$ cat coords.cif   # mmCIF, C-alpha atoms
data_query
loop_
_atom_site.group_PDB
_atom_site.id
_atom_site.type_symbol
_atom_site.label_atom_id
_atom_site.label_comp_id
_atom_site.auth_asym_id
_atom_site.auth_seq_id
_atom_site.Cartn_x
_atom_site.Cartn_y
_atom_site.Cartn_z
ATOM 1 C CA MET F 1 28.110 -27.265 -1.880
ATOM 2 C CA THR F 2 29.329 -24.656 0.634
ATOM 3 C CA PHE F 3 27.513 -21.330 0.467
ATOM 4 C CA GLN F 4 29.888 -18.687 -0.862
ATOM 5 C CA LYS F 5 29.662 -15.205 0.681
ATOM 6 C CA ILE F 6 30.819 -12.571 -1.766
ATOM 7 C CA THR F 7 30.293 -10.065 1.043
ATOM 8 C CA GLU F 8 33.130 -11.735 2.988
ATOM 9 C CA GLN F 9 35.639 -11.912 0.150
ATOM 10 C CA SER F 10 38.824 -9.874 0.382
ATOM 11 C CA SER F 11 38.640 -6.236 -0.683
ATOM 12 C CA LEU F 12 39.762 -5.388 -4.200
ATOM 13 C CA HIS F 13 41.842 -2.593 -2.652
ATOM 14 C CA ALA F 14 45.030 -3.520 -0.775
ATOM 15 C CA ASN F 15 47.191 -1.681 1.749
ATOM 16 C CA LEU F 16 44.477 0.764 2.842
ATOM 17 C CA ASP F 17 46.436 1.749 5.919
ATOM 18 C CA VAL F 18 49.276 3.333 3.910
ATOM 19 C CA LYS F 19 47.192 5.242 1.371
ATOM 20 C CA SER F 20 46.439 8.967 1.469
ATOM 21 C CA VAL F 21 43.052 10.324 2.488
ATOM 22 C CA GLY F 22 42.360 11.446 -1.077
ATOM 23 C CA GLN F 23 43.223 8.063 -2.544
ATOM 24 C CA LEU F 24 41.056 6.254 0.000
ATOM 25 C CA LEU F 25 38.089 8.504 -0.757
ATOM 26 C CA MET F 26 38.498 8.084 -4.508
ATOM 27 C CA GLU F 27 38.661 4.310 -4.200
ATOM 28 C CA MET F 28 35.608 4.186 -1.898
ATOM 29 C CA ASN F 29 33.696 6.289 -4.403
ATOM 30 C CA GLU F 30 34.803 3.924 -7.168
ATOM 31 C CA GLU F 31 33.278 1.026 -5.249
ATOM 32 C CA ASP F 32 30.089 2.944 -4.405
ATOM 33 C CA GLN F 33 29.403 3.511 -8.098
ATOM 34 C CA LYS F 34 28.787 -0.216 -8.437
ATOM 35 C CA VAL F 35 25.823 -0.109 -6.059
ATOM 36 C CA ALA F 36 23.186 1.551 -8.249
ATOM 37 C CA LEU F 37 24.009 -0.817 -11.111
ATOM 38 C CA ALA F 38 23.512 -3.823 -8.828
ATOM 39 C CA VAL F 39 20.159 -2.452 -7.651
ATOM 40 C CA HIS F 40 19.117 -1.823 -11.262
ATOM 41 C CA LYS F 41 19.489 -5.522 -12.032
ATOM 42 C CA ALA F 42 17.028 -6.344 -9.222
ATOM 43 C CA ILE F 43 14.239 -4.019 -10.418
ATOM 44 C CA PRO F 44 12.062 -6.842 -11.870
ATOM 45 C CA GLN F 45 11.942 -8.557 -8.464
ATOM 46 C CA ILE F 46 11.364 -5.261 -6.650
ATOM 47 C CA GLU F 47 8.524 -4.482 -9.066
ATOM 48 C CA GLU F 48 6.882 -7.852 -8.420
ATOM 49 C CA LEU F 49 7.105 -7.292 -4.681
ATOM 50 C CA VAL F 50 5.697 -3.759 -4.737
ATOM 51 C CA GLU F 51 2.728 -4.780 -6.860
ATOM 52 C CA LYS F 52 1.869 -7.564 -4.417
ATOM 53 C CA ILE F 53 2.365 -5.299 -1.391
ATOM 54 C CA VAL F 54 0.055 -2.626 -2.824
ATOM 55 C CA GLU F 55 -2.692 -5.178 -3.433
ATOM 56 C CA ARG F 56 -2.369 -6.427 0.141
ATOM 57 C CA MET F 57 -2.162 -2.996 1.746
ATOM 58 C CA ASN F 58 -5.331 -2.000 -0.069
ATOM 59 C CA ARG F 59 -6.938 -4.800 1.942
ATOM 60 C CA GLY F 60 -5.452 -3.602 5.223
ATOM 61 C CA GLY F 61 -2.166 -5.479 5.069
ATOM 62 C CA ARG F 62 1.052 -4.263 6.633
ATOM 63 C CA ILE F 63 4.780 -4.397 5.855
ATOM 64 C CA PHE F 64 7.184 -5.906 8.386
ATOM 65 C CA TYR F 65 10.924 -5.427 7.909
ATOM 66 C CA VAL F 66 13.051 -7.958 9.798
ATOM 67 C CA GLY F 67 16.812 -7.707 10.212
ATOM 68 C CA ALA F 68 19.809 -7.594 12.524
ATOM 69 C CA GLY F 69 22.645 -5.099 12.905
ATOM 70 C CA THR F 70 22.949 -2.609 10.053
ATOM 71 C CA SER F 71 20.236 -4.387 8.077
ATOM 72 C CA GLY F 72 17.826 -4.230 10.997
ATOM 73 C CA ARG F 73 18.590 -0.561 11.605
ATOM 74 C CA LEU F 74 17.915 0.244 7.964
ATOM 75 C CA GLY F 75 14.531 -1.484 8.159
ATOM 76 C CA VAL F 76 13.598 0.401 11.324
ATOM 77 C CA LEU F 77 14.766 3.661 9.729
ATOM 78 C CA ASP F 78 12.649 3.164 6.624
ATOM 79 C CA ALA F 79 9.585 2.209 8.668
ATOM 80 C CA SER F 80 9.991 5.217 10.971
ATOM 81 C CA GLU F 81 10.067 7.641 8.055
ATOM 82 C CA ILE F 82 6.763 6.517 6.520
ATOM 83 C CA PRO F 83 4.369 8.344 8.910
ATOM 84 C CA PRO F 84 6.028 11.784 8.696
ATOM 85 C CA THR F 85 6.682 11.561 4.956
ATOM 86 C CA PHE F 86 3.411 10.059 3.768
ATOM 87 C CA GLY F 87 0.996 10.483 6.693
ATOM 88 C CA MET F 88 0.567 6.716 6.939
ATOM 89 C CA PRO F 89 -0.302 5.358 10.413
ATOM 90 C CA SER F 90 2.778 4.031 12.222
ATOM 91 C CA HIS F 91 1.327 0.527 12.553
ATOM 92 C CA MET F 92 1.267 -0.005 8.774
ATOM 93 C CA VAL F 93 5.033 -0.333 8.221
ATOM 94 C CA ILE F 94 6.948 -1.870 11.122
ATOM 95 C CA GLY F 95 10.648 -2.558 11.547
ATOM 96 C CA LEU F 96 11.877 -5.387 13.780
ATOM 97 C CA ILE F 97 15.536 -5.620 14.764
ATOM 98 C CA ALA F 98 17.210 -8.508 16.561
ATOM 99 C CA GLY F 99 17.775 -7.427 20.146
ATOM 100 C CA GLY F 100 14.982 -4.843 20.111
ATOM 101 C CA GLU F 101 15.267 -1.099 20.767
ATOM 102 C CA LYS F 102 18.642 -1.438 22.499
ATOM 103 C CA ALA F 103 20.147 -2.869 19.315
ATOM 104 C CA LEU F 104 19.473 0.348 17.418
ATOM 105 C CA ARG F 105 22.464 1.914 19.165
ATOM 106 C CA ASN F 106 24.413 -0.946 20.703
ATOM 107 C CA PRO F 107 25.184 -4.524 19.677
ATOM 108 C CA VAL F 108 23.128 -7.172 21.506
ATOM 109 C CA GLU F 109 25.162 -10.345 21.887
ATOM 110 C CA ASN F 110 23.826 -13.400 20.045
ATOM 111 C CA ALA F 111 20.445 -11.759 19.310
ATOM 112 C CA GLU F 112 20.705 -12.432 15.573
ATOM 113 C CA ASP F 113 21.388 -16.133 16.170
ATOM 114 C CA ASP F 114 17.921 -16.832 17.601
ATOM 115 C CA LEU F 115 15.930 -18.740 14.968
ATOM 116 C CA THR F 116 12.545 -18.356 16.688
ATOM 117 C CA LYS F 117 12.565 -14.871 18.233
ATOM 118 C CA ALA F 118 11.469 -12.868 15.174
ATOM 119 C CA TRP F 119 8.443 -15.102 14.591
ATOM 120 C CA GLU F 120 7.437 -14.704 18.232
ATOM 121 C CA GLU F 121 7.655 -10.930 17.769
ATOM 122 C CA LEU F 122 5.641 -11.043 14.552
ATOM 123 C CA GLN F 123 2.939 -13.083 16.253
ATOM 124 C CA SER F 124 2.573 -10.367 18.885
ATOM 125 C CA TYR F 125 1.325 -8.146 16.033
ATOM 126 C CA GLN F 126 -1.311 -10.724 15.038
ATOM 127 C CA ILE F 127 0.380 -11.144 11.678
ATOM 128 C CA ASN F 128 -1.909 -12.548 8.971
ATOM 129 C CA ALA F 129 -2.076 -13.437 5.278
ATOM 130 C CA THR F 130 -2.667 -9.852 4.136
ATOM 131 C CA ASP F 131 0.721 -8.812 5.558
ATOM 132 C CA THR F 132 4.192 -8.906 3.993
ATOM 133 C CA VAL F 133 7.436 -9.850 5.738
ATOM 134 C CA ILE F 134 10.664 -8.574 4.176
ATOM 135 C CA GLY F 135 13.824 -10.145 5.562
ATOM 136 C CA ILE F 136 16.990 -8.047 5.249
ATOM 137 C CA ALA F 137 20.480 -9.498 5.654
ATOM 138 C CA ALA F 138 23.598 -8.544 3.725
ATOM 139 C CA SER F 139 25.074 -12.013 4.144
ATOM 140 C CA GLY F 140 21.717 -13.690 3.634
ATOM 141 C CA THR F 141 22.415 -16.088 6.493
ATOM 142 C CA THR F 142 21.098 -14.402 9.675
ATOM 143 C CA PRO F 143 19.087 -16.997 11.694
ATOM 144 C CA TYR F 144 16.765 -14.309 13.148
ATOM 145 C CA VAL F 145 15.722 -13.453 9.578
ATOM 146 C CA VAL F 146 15.671 -17.033 8.304
ATOM 147 C CA GLY F 147 13.256 -18.020 11.066
ATOM 148 C CA ALA F 148 10.972 -15.074 10.411
ATOM 149 C CA LEU F 149 10.686 -15.839 6.708
ATOM 150 C CA ARG F 150 10.319 -19.592 7.161
ATOM 151 C CA ASN F 151 7.479 -19.277 9.659
ATOM 152 C CA ALA F 152 5.762 -16.414 7.866
ATOM 153 C CA LYS F 153 5.726 -18.299 4.583
ATOM 154 C CA ALA F 154 4.435 -21.449 6.292
ATOM 155 C CA ASN F 155 1.545 -19.368 7.613
ATOM 156 C CA GLY F 156 0.545 -17.934 4.248
ATOM 157 C CA VAL F 157 2.234 -14.555 4.613
ATOM 158 C CA LEU F 158 3.929 -13.027 1.546
ATOM 159 C CA THR F 159 7.702 -13.091 2.080
ATOM 160 C CA ALA F 160 10.631 -11.370 0.396
ATOM 161 C CA SER F 161 14.360 -11.282 1.035
ATOM 162 C CA ILE F 162 16.986 -8.606 0.450
ATOM 163 C CA ALA F 163 20.532 -9.976 0.405
ATOM 164 C CA CYS F 164 23.887 -9.208 -1.188
ATOM 165 C CA ASN F 165 24.870 -12.801 -1.906
ATOM 166 C CA SER F 166 23.364 -15.125 -4.507
ATOM 167 C CA ASP F 167 21.089 -18.020 -3.525
ATOM 168 C CA SER F 168 21.410 -17.265 0.175
ATOM 169 C CA PRO F 169 19.574 -19.087 2.998
ATOM 170 C CA ILE F 170 17.114 -16.206 3.425
ATOM 171 C CA ALA F 171 16.408 -16.191 -0.318
ATOM 172 C CA ARG F 172 15.532 -19.879 -0.172
ATOM 173 C CA GLU F 173 12.873 -19.099 2.437
ATOM 174 C CA ALA F 174 11.291 -16.207 0.492
ATOM 175 C CA ASP F 175 8.568 -16.003 -2.138
ATOM 176 C CA ILE F 176 10.434 -13.146 -3.821
ATOM 177 C CA ARG F 177 14.207 -12.900 -3.644
ATOM 178 C CA ILE F 178 15.879 -9.529 -4.185
ATOM 179 C CA GLU F 179 19.611 -10.003 -4.675
ATOM 180 C CA VAL F 180 21.866 -6.958 -4.989
ATOM 181 C CA ILE F 181 25.351 -8.300 -5.645
ATOM 182 C CA VAL F 182 27.674 -5.397 -4.954
ATOM 183 C CA GLY F 183 30.866 -7.449 -4.609
ATOM 184 C CA PRO F 184 33.508 -7.395 -1.871
ATOM 185 C CA GLU F 185 33.481 -4.446 0.503
ATOM 186 C CA PHE F 186 36.144 -1.707 0.472
ATOM 187 C CA VAL F 187 37.090 -2.797 3.991
ATOM 188 C CA THR F 188 36.812 -6.588 3.869
ATOM 189 C CA GLY F 189 33.514 -7.798 5.357
ATOM 190 C CA SER F 190 32.254 -4.337 6.392
ATOM 191 C CA THR F 191 28.738 -4.699 5.006
ATOM 192 C CA ARG F 192 27.594 -1.345 6.425
ATOM 193 C CA LEU F 193 29.307 0.063 3.307
ATOM 194 C CA LYS F 194 28.165 -1.036 -0.187
ATOM 195 C CA ALA F 195 25.765 -3.692 1.054
ATOM 196 C CA GLY F 196 24.138 -1.247 3.464
ATOM 197 C CA THR F 197 23.855 1.380 0.745
ATOM 198 C CA ALA F 198 22.284 -1.132 -1.620
ATOM 199 C CA GLN F 199 19.757 -2.229 1.004
ATOM 200 C CA LYS F 200 18.841 1.400 1.729
ATOM 201 C CA LEU F 201 18.239 2.054 -1.975
ATOM 202 C CA VAL F 202 16.017 -1.014 -2.274
ATOM 203 C CA LEU F 203 14.021 -0.069 0.821
ATOM 204 C CA ASN F 204 13.607 3.465 -0.535
ATOM 205 C CA MET F 205 12.182 2.016 -3.738
ATOM 206 C CA ILE F 206 9.831 -0.425 -2.031
ATOM 207 C CA SER F 207 8.301 2.025 0.433
ATOM 208 C CA THR F 208 8.216 5.103 -1.793
ATOM 209 C CA VAL F 209 6.637 3.433 -4.817
ATOM 210 C CA THR F 210 4.187 1.592 -2.566
ATOM 211 C CA MET F 211 3.090 4.880 -0.980
ATOM 212 C CA ILE F 212 2.741 6.543 -4.390
ATOM 213 C CA LYS F 213 0.514 3.721 -5.628
ATOM 214 C CA LEU F 214 -1.554 3.954 -2.434
ATOM 215 C CA GLY F 215 -2.337 7.583 -3.248
ATOM 216 C CA ARG F 216 -0.072 9.181 -0.643
ATOM 217 C CA VAL F 217 1.572 11.431 -3.280
ATOM 218 C CA LYS F 218 -0.072 13.865 -5.711
ATOM 219 C CA GLY F 219 1.956 14.720 -8.798
ATOM 220 C CA ASN F 220 5.395 14.672 -7.237
ATOM 221 C CA LYS F 221 4.424 16.211 -3.891
ATOM 222 C CA MET F 222 4.197 14.732 -0.377
ATOM 223 C CA VAL F 223 0.651 15.951 0.162
ATOM 224 C CA ASN F 224 0.073 13.731 3.207
ATOM 225 C CA MET F 225 3.251 14.608 5.127
ATOM 226 C CA GLN F 226 2.919 15.346 8.827
ATOM 227 C CA LEU F 227 3.262 19.034 9.709
ATOM 228 C CA SER F 228 5.708 18.360 12.507
ATOM 229 C CA ASN F 229 8.058 21.333 12.151
ATOM 230 C CA ALA F 230 8.403 24.790 10.598
ATOM 231 C CA LYS F 231 10.229 23.459 7.531
ATOM 232 C CA LEU F 232 7.404 21.083 6.652
ATOM 233 C CA ILE F 233 4.724 23.691 7.288
ATOM 234 C CA ASP F 234 6.563 26.033 4.940
ATOM 235 C CA ARG F 235 6.897 23.271 2.334
ATOM 236 C CA GLY F 236 3.193 22.474 2.562
ATOM 237 C CA THR F 237 2.286 26.146 2.330
ATOM 238 C CA ARG F 238 4.268 26.536 -0.873
ATOM 239 C CA MET F 239 2.626 23.435 -2.313
ATOM 240 C CA LEU F 240 -0.772 25.035 -1.735
ATOM 241 C CA MET F 241 0.369 28.349 -3.198
ATOM 242 C CA GLU F 242 1.374 26.520 -6.378
ATOM 243 C CA GLU F 243 -1.646 24.225 -6.533
ATOM 244 C CA LEU F 244 -4.377 26.711 -5.605
ATOM 245 C CA ASP F 245 -2.833 30.050 -6.634
ATOM 246 C CA LEU F 246 -3.026 31.470 -3.100
ATOM 247 C CA ASP F 247 -0.759 33.957 -1.380
ATOM 248 C CA TYR F 248 1.495 32.683 1.408
ATOM 249 C CA GLU F 249 -0.661 33.676 4.384
ATOM 250 C CA HIS F 250 -3.905 32.277 2.958
ATOM 251 C CA ALA F 251 -2.150 29.065 1.942
ATOM 252 C CA LYS F 252 -0.559 28.631 5.375
ATOM 253 C CA ASN F 253 -3.855 29.267 7.138
ATOM 254 C CA ALA F 254 -5.635 26.694 4.961
ATOM 255 C CA LEU F 255 -2.885 24.168 5.648
ATOM 256 C CA LEU F 256 -3.056 24.595 9.412
ATOM 257 C CA VAL F 257 -6.848 24.526 9.483
ATOM 258 C CA HIS F 258 -7.125 21.289 7.482
ATOM 259 C CA GLY F 259 -3.976 19.564 8.733
ATOM 260 C CA SER F 260 -2.501 18.392 5.433
ATOM 261 C CA VAL F 261 -1.924 19.576 1.895
ATOM 262 C CA LYS F 262 -4.278 16.938 0.533
ATOM 263 C CA LYS F 263 -7.149 17.846 2.866
ATOM 264 C CA ALA F 264 -6.662 21.555 2.194
ATOM 265 C CA ILE F 265 -6.831 20.991 -1.562
ATOM 266 C CA GLU F 266 -9.926 18.828 -1.238
ATOM 267 C CA ALA F 267 -11.662 21.423 0.943
ATOM 268 C CA PHE F 268 -10.746 24.252 -1.438
ATOM 269 C CA LEU F 269 -12.008 22.396 -4.504
ATOM 270 C CA LYS F 270 -15.372 21.702 -2.831
#
$ encode --input "coords.cif" --output "C-alpha cells"
Amino acid sequence: MTFQKITEQSSLHANLDVKSVGQLLMEMNEEDQKVALAVHKAIPQIEELVEKIVERMNRGGRIFYVGAGTSGRLGVLDASEIPPTFGMPSHMVIGLIAGGEKALRNPVENAEDDLTKAWEELQSYQINATDTVIGIAASGTTPYVVGALRNAKANGVLTASIACNSDSPIAREADIRIEVIVGPEFVTGSTRLKAGTAQKLVLNMISTVTMIKLGRVKGNKMVNMQLSNAKLIDRGTRMLMEELDLDYEHAKNALLVHGSVKKAIEAFLK
C-alpha cells in the first residue's frame, strides 16, 4: 500500500490569492487551533519518551535531535536553548541538521536524501546505549532521519520519531512513535506552518519536562539559568528576593557571587 502523506494533501482553503489580508489571517488562525488538539492526543507517547529519557540522562545519557529543513532547525533551536534556560551543559542535548551549520540559514541540496550521513555524525559523538535519538520529520519520510533511527536502534540506542503523518517510515524505525496529525497545511505542503508548530510544541514538552524532572527547576522558577544578560540577572535577583526575603541589592550581590539562583539559595540556607 502506498504511504499517504496528509501533509501533502490540498489545503482546505481555496483561492488564497484573491482573499483579503483579514480573511487570510482568520483562516490561518482557524487552522492553527487544530495543532494543540493534535499534540494533546500524543501525550501518552510523549510521556513514555520523557520517562525513559530522564532515566537515561540520570546515568549520563544525552538527547540527540535529528532532522532536515524546518524540522532540523527546530531540533537545533530546542537544543541550543537548554544551556541558557536550565544551565545544562551544551553537550547533553544536541541538534543535528542535514547539511550542517550552513543548512540553518540556507538549503543544502540533497543533504536530507543521504541515508548514512546522520549515523556517521552520531558516531562522531561516541553515541551509546544511554543516549536517545529523536528523529523529526513532518512528512516522516526523510532518509537522513530514517538512517539515523535505523542505525541507532540497531545499536541499542533508544529511538523516537516525531512526524505529522500516520505510520510513516521514520515511525517504523522508532521505539516510540509520536504522531501529531494536524491535517493539510493552509498553503498546500508548507509544513513550516502547522506541522512546524506541532513539532515545536512537542519539543518544548520533551525538553522542559525532562529538565524539570532532572531538578533544573525549583517550584516554577528557572533556578539554573545562565546569567548571560541584564534581563536574566534581574530575573534571578527577583527570584532570590522572593525566595529569601532579601532586598534587591543583597539579592543581586548573592546571585553574582554564587553564579546561579540555585547555588545562591543553597549557600544562604547553609
$ closest_residue --input "coords.cif" --among "F:Lys221, F:Lys41, F:Lys231, F:Arg192" --to "Val261 in chain F" --atoms "all atoms listed in the file"
F:Lys221
$ resolve_selection --input "coords.cif" --expression "the PyMOL selection byres ((chain F and resi 114) around 10)" --output "tab-separated table (two decimals) with C-alpha atoms, keeping the file's coordinate frame"
chain	number	residue	atom	x	y	z
F	98	ALA	CA	17.21	-8.51	16.56
F	99	GLY	CA	17.77	-7.43	20.15
F	110	ASN	CA	23.83	-13.40	20.05
F	111	ALA	CA	20.44	-11.76	19.31
F	112	GLU	CA	20.70	-12.43	15.57
F	113	ASP	CA	21.39	-16.13	16.17
F	115	LEU	CA	15.93	-18.74	14.97
F	116	THR	CA	12.54	-18.36	16.69
F	117	LYS	CA	12.56	-14.87	18.23
F	118	ALA	CA	11.47	-12.87	15.17
F	142	THR	CA	21.10	-14.40	9.68
F	143	PRO	CA	19.09	-17.00	11.69
F	144	TYR	CA	16.76	-14.31	13.15
F	145	VAL	CA	15.72	-13.45	9.58
F	146	VAL	CA	15.67	-17.03	8.30
F	147	GLY	CA	13.26	-18.02	11.07
$ atom_distance --input "coords.cif" --atom1 "CA of Gly95 in chain F" --atom2 "CA of Val66 in chain F"
6.2 Å
$ closest_residue --input "coords.cif" --among "F:Pro89, F:Gly69, F:Gly259, F:Gly215" --to "Ser190 in chain F" --atoms "only C-alpha atoms"
F:Gly69
$ closest_residue --input "coords.cif" --among "F:Lys102, F:His250, F:Lys194, F:Lys218" --to "Asp32 in chain F" --atoms "all atoms listed in the file"
F:Lys194
$ residues_around --input "coords.cif" --residues "Met92 in chain F" --least-positions-apart "5" --cutoff "10 Å" --atoms "only C-alpha atoms" --output "list in words"
Met57, Gly60, Gly61, Arg62, Ile63, Phe64, Ala79, Ile82, Pro83 and Asp131 of chain F
$ closest_residue --input "coords.cif" --among "F:Asn29, F:Thr159, F:Asn220, F:Ser228" --to "Tyr65 in chain F" --atoms "all atoms listed in the file"
F:Thr159
$ build_atoms --input "coords.cif" --residues "range 126-143 of chain F" --atoms "N, CA and C atoms" --output "mmCIF file, in the coordinates of the input"
data_model
loop_
_atom_site.group_PDB
_atom_site.id
_atom_site.type_symbol
_atom_site.label_atom_id
_atom_site.label_comp_id
_atom_site.auth_asym_id
_atom_site.auth_seq_id
_atom_site.Cartn_x
_atom_site.Cartn_y
_atom_site.Cartn_z
ATOM 1 N N GLN F 126 -0.220 -9.995 15.692
ATOM 2 C CA GLN F 126 -1.311 -10.724 15.038
ATOM 3 C C GLN F 126 -1.125 -10.744 13.510
ATOM 4 N N ILE F 127 0.059 -11.105 13.101
ATOM 5 C CA ILE F 127 0.380 -11.144 11.678
ATOM 6 C C ILE F 127 -0.569 -12.094 10.958
ATOM 7 N N ASN F 128 -0.954 -11.738 9.729
ATOM 8 C CA ASN F 128 -1.909 -12.548 8.971
ATOM 9 C C ASN F 128 -1.580 -12.524 7.488
ATOM 10 N N ALA F 129 -2.385 -13.217 6.691
ATOM 11 C CA ALA F 129 -2.076 -13.437 5.278
ATOM 12 C C ALA F 129 -2.169 -12.188 4.406
ATOM 13 N N THR F 130 -2.679 -11.085 4.930
ATOM 14 C CA THR F 130 -2.667 -9.852 4.136
ATOM 15 C C THR F 130 -1.359 -9.083 4.316
ATOM 16 N N ASP F 131 -0.529 -9.509 5.253
ATOM 17 C CA ASP F 131 0.721 -8.812 5.558
ATOM 18 C C ASP F 131 1.865 -9.292 4.661
ATOM 19 N N THR F 132 2.981 -8.554 4.730
ATOM 20 C CA THR F 132 4.192 -8.906 3.993
ATOM 21 C C THR F 132 5.380 -8.831 4.943
ATOM 22 N N VAL F 133 6.209 -9.849 4.939
ATOM 23 C CA VAL F 133 7.436 -9.850 5.738
ATOM 24 C C VAL F 133 8.630 -9.775 4.787
ATOM 25 N N ILE F 134 9.469 -8.766 4.999
ATOM 26 C CA ILE F 134 10.664 -8.574 4.176
ATOM 27 C C ILE F 134 11.887 -8.784 5.063
ATOM 28 N N GLY F 135 12.620 -9.848 4.798
ATOM 29 C CA GLY F 135 13.824 -10.145 5.562
ATOM 30 C C GLY F 135 15.033 -9.482 4.922
ATOM 31 N N ILE F 136 15.837 -8.795 5.739
ATOM 32 C CA ILE F 136 16.990 -8.047 5.249
ATOM 33 C C ILE F 136 18.251 -8.582 5.913
ATOM 34 N N ALA F 137 19.212 -9.023 5.114
ATOM 35 C CA ALA F 137 20.480 -9.498 5.654
ATOM 36 C C ALA F 137 21.524 -9.449 4.549
ATOM 37 N N ALA F 138 22.566 -8.668 4.754
ATOM 38 C CA ALA F 138 23.598 -8.544 3.725
ATOM 39 C C ALA F 138 24.179 -9.906 3.370
ATOM 40 N N SER F 139 24.509 -10.685 4.382
ATOM 41 C CA SER F 139 25.074 -12.013 4.144
ATOM 42 C C SER F 139 24.038 -12.976 3.593
ATOM 43 N N GLY F 140 22.787 -12.773 4.013
ATOM 44 C CA GLY F 140 21.717 -13.690 3.634
ATOM 45 C C GLY F 140 21.631 -14.904 4.522
ATOM 46 N N THR F 141 22.343 -14.893 5.658
ATOM 47 C CA THR F 141 22.415 -16.088 6.493
ATOM 48 C C THR F 141 21.859 -15.900 7.910
ATOM 49 N N THR F 142 21.466 -14.714 8.290
ATOM 50 C CA THR F 142 21.098 -14.402 9.675
ATOM 51 C C THR F 142 19.941 -15.274 10.164
ATOM 52 N N PRO F 143 20.145 -16.105 11.199
ATOM 53 C CA PRO F 143 19.087 -16.997 11.694
ATOM 54 C C PRO F 143 17.810 -16.258 12.094
#
